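Student: Structure provided below as structure tokens; questions to follow.
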Amino acid sequence: MLKEIKSIPLADFLSKLGHEPASRKGARLWYKSPLRQEHTPSFKVDTSLNCWYDFGLGKGGNIIDLAAEIYQSTDLRYLKRCITNRCPVPSVPTVASSFPQRHSAPTIQSFEVVPLEHRALVAYLQQRGVPAHIAKTNCQEAYYSVKGKSYFAVAFSNVSGGWDLRNKYFKGCRGRKDISYLPYSRDGPSTECAVFEGFIDYLSALTLGIITGNDVVVLNSVVNVNKAIPYLNGYTAINCYLDNDNAGRTALSELTAIYGSTVIDRSTLYSGFNDLNEHLVNQISKITQNDNENK
């Protein structure tokens, strides 16, 4: 399985991510680095060895090492899924193949969704800065069993009928991994759309009150960028609240390549933090600290 993934041509993987070589010298392809901004290509792919090296970073390796840099993760199962979502390998198990995993869905024997009320789940979102009324309005709670054991989690639906699942100890999905599309009004699309990597960031934006009047696309994973494209046509502004990491910047670049100046990078609102939720939690912590000091 791992051997087959490592045999996927790096040039094919990079092409699926929207990166094409600037020049070719024999078996060597030269790119502008997908890991950082640069004007002169200094990212080399050796097609005979199927390995890469970024001279600006002083890092290199195989396709797994590259995925680890792009998606900022050391979770091998997650990285394999990210790669095979772009470049499928028939013998690689699907997302729902095993459990437990941090980034993939378990094999679920039963599944029931009800309104979000469970105290532990509401408390989990409150710990992440999301007030109960916003959590309950936008999320459900799911009950499911795996190998005879019962579990529950916050559930957020996507356009394919799947669910992203979160609790304090688990991050995964049930059903097909896809985007979530949330129109602002039933009367027709808004002129602007807001794009988030995950639904916790979307809930954070609602908490901060920064997306009033926007339709919303939640990617539920940066690997779903291409699935969002049909939903983003026609907007005068696409406000991107993506993570401040390589994966988020890569997703932003992919959207910018398609929609140009219509795409607006809003990550400067939470500069210094990995994502919008981290920024929200920090803001709440500062307010709490100031309140305690003023008592």
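Chain labels run A, B, ... following the order of the structure tokens; each chain numbers its residues from 1, and ligands are numbered from 1 in the order shown.
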Run DSSP on the backbone and give me the residues of region 22-194 of chain A it puts in helix (DSSP H, G or I), as a ChimeraX atom specification.
Tutor: /A:63-71,76-86,119-127,132-138
Student: Ranking A:Phe55, A:Val222, A:Ser253, A:Ala194 by minimum distance to Ala237 (chain A) and counting only C-alpha atoms, which one comes first?
Tutor: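 Result for the nearest residue to Ala237 (chain A): A:Ala194.
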Student: When you look at Tyr231 (chain A) with a cut-off of 12 Å (counting only C-alpha atoms), what residues show up, excluding the ones that are within fewer than 6 positions of it in the same chain? I need them as a PyMOL selection string.
Tutor: chain A and resi 159+179-183+189-190+192-195+215-219+225+238
Student: For those residues, write all heavy atoms to a file as a short mmCIF file (atom, residue, chain, number, x, y, z; two decimals), in the first residue's frame.
Tutor:
data_model
loop_
_atom_site.label_atom_id
_atom_site.label_comp_id
_atom_site.auth_asym_id
_atom_site.auth_seq_id
_atom_site.Cartn_x
_atom_site.Cartn_y
_atom_site.Cartn_z
N VAL A 159 -22.76 18.45 1.32
CA VAL A 159 -23.68 18.42 0.20
C VAL A 159 -23.93 17.01 -0.34
O VAL A 159 -24.85 16.80 -1.13
CB VAL A 159 -23.19 19.33 -0.95
CG1 VAL A 159 -23.14 20.78 -0.51
CG2 VAL A 159 -21.82 18.86 -1.47
N ILE A 179 -17.77 19.07 0.47
CA ILE A 179 -17.92 20.42 1.00
C ILE A 179 -19.32 20.60 1.58
O ILE A 179 -20.23 19.81 1.32
CB ILE A 179 -17.68 21.47 -0.10
CG1 ILE A 179 -18.85 21.47 -1.10
CG2 ILE A 179 -16.36 21.26 -0.80
CD1 ILE A 179 -18.96 22.74 -1.92
N SER A 180 -19.49 21.67 2.34
CA SER A 180 -20.81 22.11 2.80
C SER A 180 -21.09 23.47 2.15
O SER A 180 -20.20 24.32 2.11
CB SER A 180 -20.85 22.25 4.32
OG SER A 180 -20.54 21.01 4.95
N TYR A 181 -22.29 23.63 1.63
CA TYR A 181 -22.68 24.90 1.00
C TYR A 181 -23.88 25.47 1.75
O TYR A 181 -24.91 24.81 1.90
CB TYR A 181 -23.04 24.70 -0.46
CG TYR A 181 -23.49 25.95 -1.15
CD1 TYR A 181 -22.62 27.03 -1.32
CD2 TYR A 181 -24.79 26.08 -1.65
CE1 TYR A 181 -23.03 28.20 -1.94
CE2 TYR A 181 -25.21 27.25 -2.29
CZ TYR A 181 -24.32 28.30 -2.42
OH TYR A 181 -24.73 29.46 -3.03
N LEU A 182 -23.73 26.71 2.23
CA LEU A 182 -24.74 27.32 3.08
C LEU A 182 -25.12 28.69 2.51
O LEU A 182 -24.45 29.69 2.76
CB LEU A 182 -24.21 27.48 4.51
CG LEU A 182 -23.67 26.19 5.15
CD1 LEU A 182 -22.82 26.51 6.35
CD2 LEU A 182 -24.81 25.29 5.53
N PRO A 183 -26.18 28.75 1.70
CA PRO A 183 -26.62 30.05 1.17
C PRO A 183 -27.15 30.94 2.27
O PRO A 183 -27.79 30.47 3.22
CB PRO A 183 -27.71 29.67 0.16
CG PRO A 183 -28.20 28.34 0.61
CD PRO A 183 -27.03 27.64 1.24
N PRO A 189 -28.74 33.56 -4.41
CA PRO A 189 -27.36 33.68 -3.92
C PRO A 189 -26.98 35.12 -3.58
O PRO A 189 -27.48 36.07 -4.18
CB PRO A 189 -26.53 33.15 -5.09
CG PRO A 189 -27.40 33.34 -6.29
CD PRO A 189 -28.80 33.13 -5.81
N SER A 190 -26.09 35.25 -2.63
CA SER A 190 -25.52 36.55 -2.29
C SER A 190 -24.50 36.93 -3.36
O SER A 190 -24.14 36.12 -4.22
CB SER A 190 -24.85 36.46 -0.92
OG SER A 190 -24.13 37.63 -0.62
N GLU A 192 -21.50 37.80 -2.46
CA GLU A 192 -20.22 37.40 -1.90
C GLU A 192 -20.32 36.04 -1.24
O GLU A 192 -21.39 35.64 -0.77
CB GLU A 192 -19.72 38.43 -0.88
CG GLU A 192 -19.44 39.79 -1.47
CD GLU A 192 -18.71 40.71 -0.51
OE1 GLU A 192 -18.20 40.22 0.52
OE2 GLU A 192 -18.65 41.92 -0.78
N CYS A 193 -19.19 35.34 -1.22
CA CYS A 193 -19.14 34.03 -0.58
C CYS A 193 -17.93 33.99 0.35
O CYS A 193 -16.89 34.58 0.06
CB CYS A 193 -19.02 32.93 -1.63
SG CYS A 193 -19.11 31.25 -0.96
N ALA A 194 -18.08 33.33 1.48
CA ALA A 194 -16.98 33.12 2.41
C ALA A 194 -16.58 31.65 2.39
O ALA A 194 -17.45 30.77 2.40
CB ALA A 194 -17.38 33.53 3.82
N VAL A 195 -15.27 31.39 2.34
CA VAL A 195 -14.76 30.03 2.25
C VAL A 195 -13.94 29.70 3.49
O VAL A 195 -13.04 30.47 3.87
CB VAL A 195 -13.89 29.84 0.99
CG1 VAL A 195 -13.34 28.42 0.92
CG2 VAL A 195 -14.70 30.15 -0.26
N ASP A 215 -22.89 34.09 1.41
CA ASP A 215 -23.06 32.66 1.29
C ASP A 215 -21.78 32.01 1.82
O ASP A 215 -20.74 32.67 1.91
CB ASP A 215 -23.28 32.25 -0.17
CG ASP A 215 -24.60 32.76 -0.72
OD1 ASP A 215 -25.47 33.16 0.08
OD2 ASP A 215 -24.76 32.77 -1.96
N VAL A 216 -21.84 30.74 2.15
CA VAL A 216 -20.69 30.09 2.80
C VAL A 216 -20.38 28.75 2.13
O VAL A 216 -21.30 27.96 1.84
CB VAL A 216 -20.95 29.88 4.30
CG1 VAL A 216 -19.88 28.99 4.93
CG2 VAL A 216 -21.01 31.21 5.03
N VAL A 217 -19.11 28.51 1.90
CA VAL A 217 -18.61 27.19 1.52
C VAL A 217 -17.61 26.74 2.58
O VAL A 217 -16.65 27.45 2.87
CB VAL A 217 -17.91 27.22 0.14
CG1 VAL A 217 -17.13 25.92 -0.10
CG2 VAL A 217 -18.93 27.41 -0.97
N VAL A 218 -17.88 25.60 3.18
CA VAL A 218 -16.94 24.98 4.12
C VAL A 218 -16.31 23.80 3.40
O VAL A 218 -17.01 22.86 3.00
CB VAL A 218 -17.64 24.53 5.41
CG1 VAL A 218 -16.61 23.90 6.37
CG2 VAL A 218 -18.34 25.69 6.09
N LEU A 219 -15.00 23.82 3.22
CA LEU A 219 -14.33 22.77 2.46
C LEU A 219 -14.34 21.43 3.19
O LEU A 219 -14.34 20.38 2.56
CB LEU A 219 -12.88 23.18 2.16
CG LEU A 219 -12.69 24.44 1.31
CD1 LEU A 219 -11.21 24.77 1.20
CD2 LEU A 219 -13.30 24.27 -0.06
N VAL A 225 -10.93 21.33 -2.48
CA VAL A 225 -10.98 22.62 -3.18
C VAL A 225 -11.66 22.48 -4.54
O VAL A 225 -12.53 23.29 -4.91
CB VAL A 225 -9.57 23.21 -3.35
CG1 VAL A 225 -9.59 24.39 -4.31
CG2 VAL A 225 -9.02 23.67 -2.01
N ILE A 238 -14.91 36.44 -3.30
CA ILE A 238 -14.77 35.16 -2.61
C ILE A 238 -13.81 35.38 -1.45
O ILE A 238 -12.59 35.48 -1.64
CB ILE A 238 -14.25 34.06 -3.55
CG1 ILE A 238 -15.20 33.88 -4.74
CG2 ILE A 238 -14.08 32.74 -2.80
CD1 ILE A 238 -14.68 32.97 -5.83
#
Student: Could you list, as a list in words, every residue within 8 Å of region 118-130 of chain A, counting only C-alpha atoms and ignoring same-chain residues fewer than 2 positions away?
Tutor: Leu116, Ala132, Ile134, Ala135, Lys136, Glu141, Ala153, Val154, Asn167, Lys168, Leu203, Ser204, Thr207, Asn277, Leu280, Val281 and Ile284 of chain A
Student: Determine, counting only C-alpha atoms, which protein, DNA and RNA residues have an atom within 7 Å of an atom of region 2-16 of chain A; residues of the same chain fewer than 4 positions away are not included. Present the result as number ranges by chain.
Tutor: A: 20, 50, 62-64, 86-87, 89
Student: Would you pick out the contacts of Gln72 (chain A) at 9 Å or less, using only C-alpha atoms, so that residues sharing its chain but fewer than 6 positions from it are not included, and give the list as a tab-separated table (two decimals) with all heavy atoms, in the first residue's frame?
Tutor:
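Result went into part_34.tsv, see below:
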chain	number	residue	atom	x	y	z
A	245	ASP	N	-1.10	28.20	6.95
A	245	ASP	CA	-0.08	27.17	6.82
A	245	ASP	C	0.07	26.85	5.33
A	245	ASP	O	-0.59	27.44	4.48
A	245	ASP	CB	-0.42	25.92	7.64
A	245	ASP	CG	-1.75	25.29	7.25
A	245	ASP	OD1	-2.29	25.63	6.17
A	245	ASP	OD2	-2.27	24.46	8.01
A	246	ASN	N	0.96	25.93	5.04
A	246	ASN	CA	1.22	25.63	3.62
A	246	ASN	C	-0.02	25.09	2.91
A	246	ASN	O	-0.27	25.43	1.74
A	246	ASN	CB	2.37	24.61	3.52
A	246	ASN	CG	3.71	25.23	3.86
A	246	ASN	OD1	3.94	26.41	3.61
A	246	ASN	ND2	4.61	24.45	4.43
A	247	ALA	N	-0.77	24.25	3.59
A	247	ALA	CA	-1.97	23.69	2.97
A	247	ALA	C	-2.99	24.78	2.66
A	247	ALA	O	-3.60	24.80	1.59
A	247	ALA	CB	-2.59	22.63	3.88
Student: If you run DSSP on this backbone, which residues of region 43-198 of chain A come out as strand (DSSP E), and could you give them as a PyMOL selection string?
Tutor: chain A and resi 43-46+51-54+59-61+110-115+140-146+149-157+163-166+171-174+180-182+192-196
Student: Would you put the residues from that selection into a file with C-alpha atoms, as a JSON list (two decimals), in the first residue's frame?
Tutor:
[["chain", "number", "residue", "atom", "x", "y", "z"],
["A", 43, "PHE", "CA", 12.07, 23.37, -6.21],
["A", 44, "LYS", "CA", 13.47, 20.33, -8.04],
["A", 45, "VAL", "CA", 11.75, 17.04, -8.88],
["A", 46, "ASP", "CA", 13.92, 14.19, -10.14],
["A", 51, "CYS", "CA", 12.01, 12.57, -5.25],
["A", 52, "TRP", "CA", 11.99, 16.31, -4.62],
["A", 53, "TYR", "CA", 14.21, 18.94, -3.03],
["A", 54, "ASP", "CA", 13.42, 22.53, -2.09],
["A", 59, "LYS", "CA", 14.24, 19.97, 2.61],
["A", 60, "GLY", "CA", 13.36, 17.10, 0.33],
["A", 61, "GLY", "CA", 12.19, 13.51, 0.12],
["A", 110, "SER", "CA", -25.54, 2.48, 13.08],
["A", 111, "PHE", "CA", -25.92, 6.21, 12.77],
["A", 112, "GLU", "CA", -28.51, 8.64, 14.12],
["A", 113, "VAL", "CA", -28.56, 12.43, 14.02],
["A", 114, "VAL", "CA", -30.58, 14.52, 16.49],
["A", 115, "PRO", "CA", -30.59, 18.21, 17.50],
["A", 140, "GLN", "CA", -26.36, 18.42, 15.10],
["A", 141, "GLU", "CA", -25.23, 15.60, 17.35],
["A", 142, "ALA", "CA", -24.63, 12.12, 16.03],
["A", 143, "TYR", "CA", -24.85, 8.77, 17.80],
["A", 144, "TYR", "CA", -23.14, 5.79, 16.21],
["A", 145, "SER", "CA", -21.62, 2.44, 17.09],
["A", 146, "VAL", "CA", -18.37, 0.82, 16.06],
["A", 149, "LYS", "CA", -19.20, 0.32, 21.21],
["A", 150, "SER", "CA", -21.30, 3.50, 21.27],
["A", 151, "TYR", "CA", -19.98, 6.97, 20.48],
["A", 152, "PHE", "CA", -21.34, 10.48, 20.00],
["A", 153, "ALA", "CA", -20.01, 13.61, 18.33],
["A", 154, "VAL", "CA", -20.87, 17.04, 16.97],
["A", 155, "ALA", "CA", -22.10, 16.55, 13.40],
["A", 156, "PHE", "CA", -21.94, 18.98, 10.47],
["A", 157, "SER", "CA", -23.55, 17.98, 7.18],
["A", 163, "TRP", "CA", -21.18, 14.29, 8.06],
["A", 164, "ASP", "CA", -18.02, 15.74, 9.57],
["A", 165, "LEU", "CA", -17.76, 14.51, 13.14],
["A", 166, "ARG", "CA", -15.97, 16.16, 16.04],
["A", 171, "LYS", "CA", -11.96, 14.11, 14.26],
["A", 172, "GLY", "CA", -13.41, 12.21, 11.31],
["A", 173, "CYS", "CA", -16.32, 11.82, 8.96],
["A", 174, "ARG", "CA", -19.21, 9.54, 8.12],
["A", 180, "SER", "CA", -20.81, 22.11, 2.80],
["A", 181, "TYR", "CA", -22.68, 24.90, 1.00],
["A", 182, "LEU", "CA", -24.74, 27.32, 3.08],
["A", 192, "GLU", "CA", -20.22, 37.40, -1.90],
["A", 193, "CYS", "CA", -19.14, 34.03, -0.58],
["A", 194, "ALA", "CA", -16.98, 33.12, 2.41],
["A", 195, "VAL", "CA", -14.76, 30.03, 2.25],
["A", 196, "PHE", "CA", -13.55, 28.12, 5.32]]
Student: Rounded to one decimal, what separation in Å do you get between CA of Lys286 (chain A) and CA of Cys240 (chain A)?
Tutor: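 If I compute the distance from CA of Lys286 (chain A) to CA of Cys240 (chain A), I get 25.4 Å.
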Student: As an exercise, work out the distance from CA of Arg249 (chain A) to CA of Asn274 (chain A) in Å and give it to one decimal place.
Tutor: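 According to the coordinates, CA of Arg249 (chain A) and CA of Asn274 (chain A) are separated by 11.4 Å.
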Student: Take CA of Leu206 (chain A) and CA of Gly248 (chain A) and report the distance between them in Å, one decimal.
Tutor: 20.1 Å
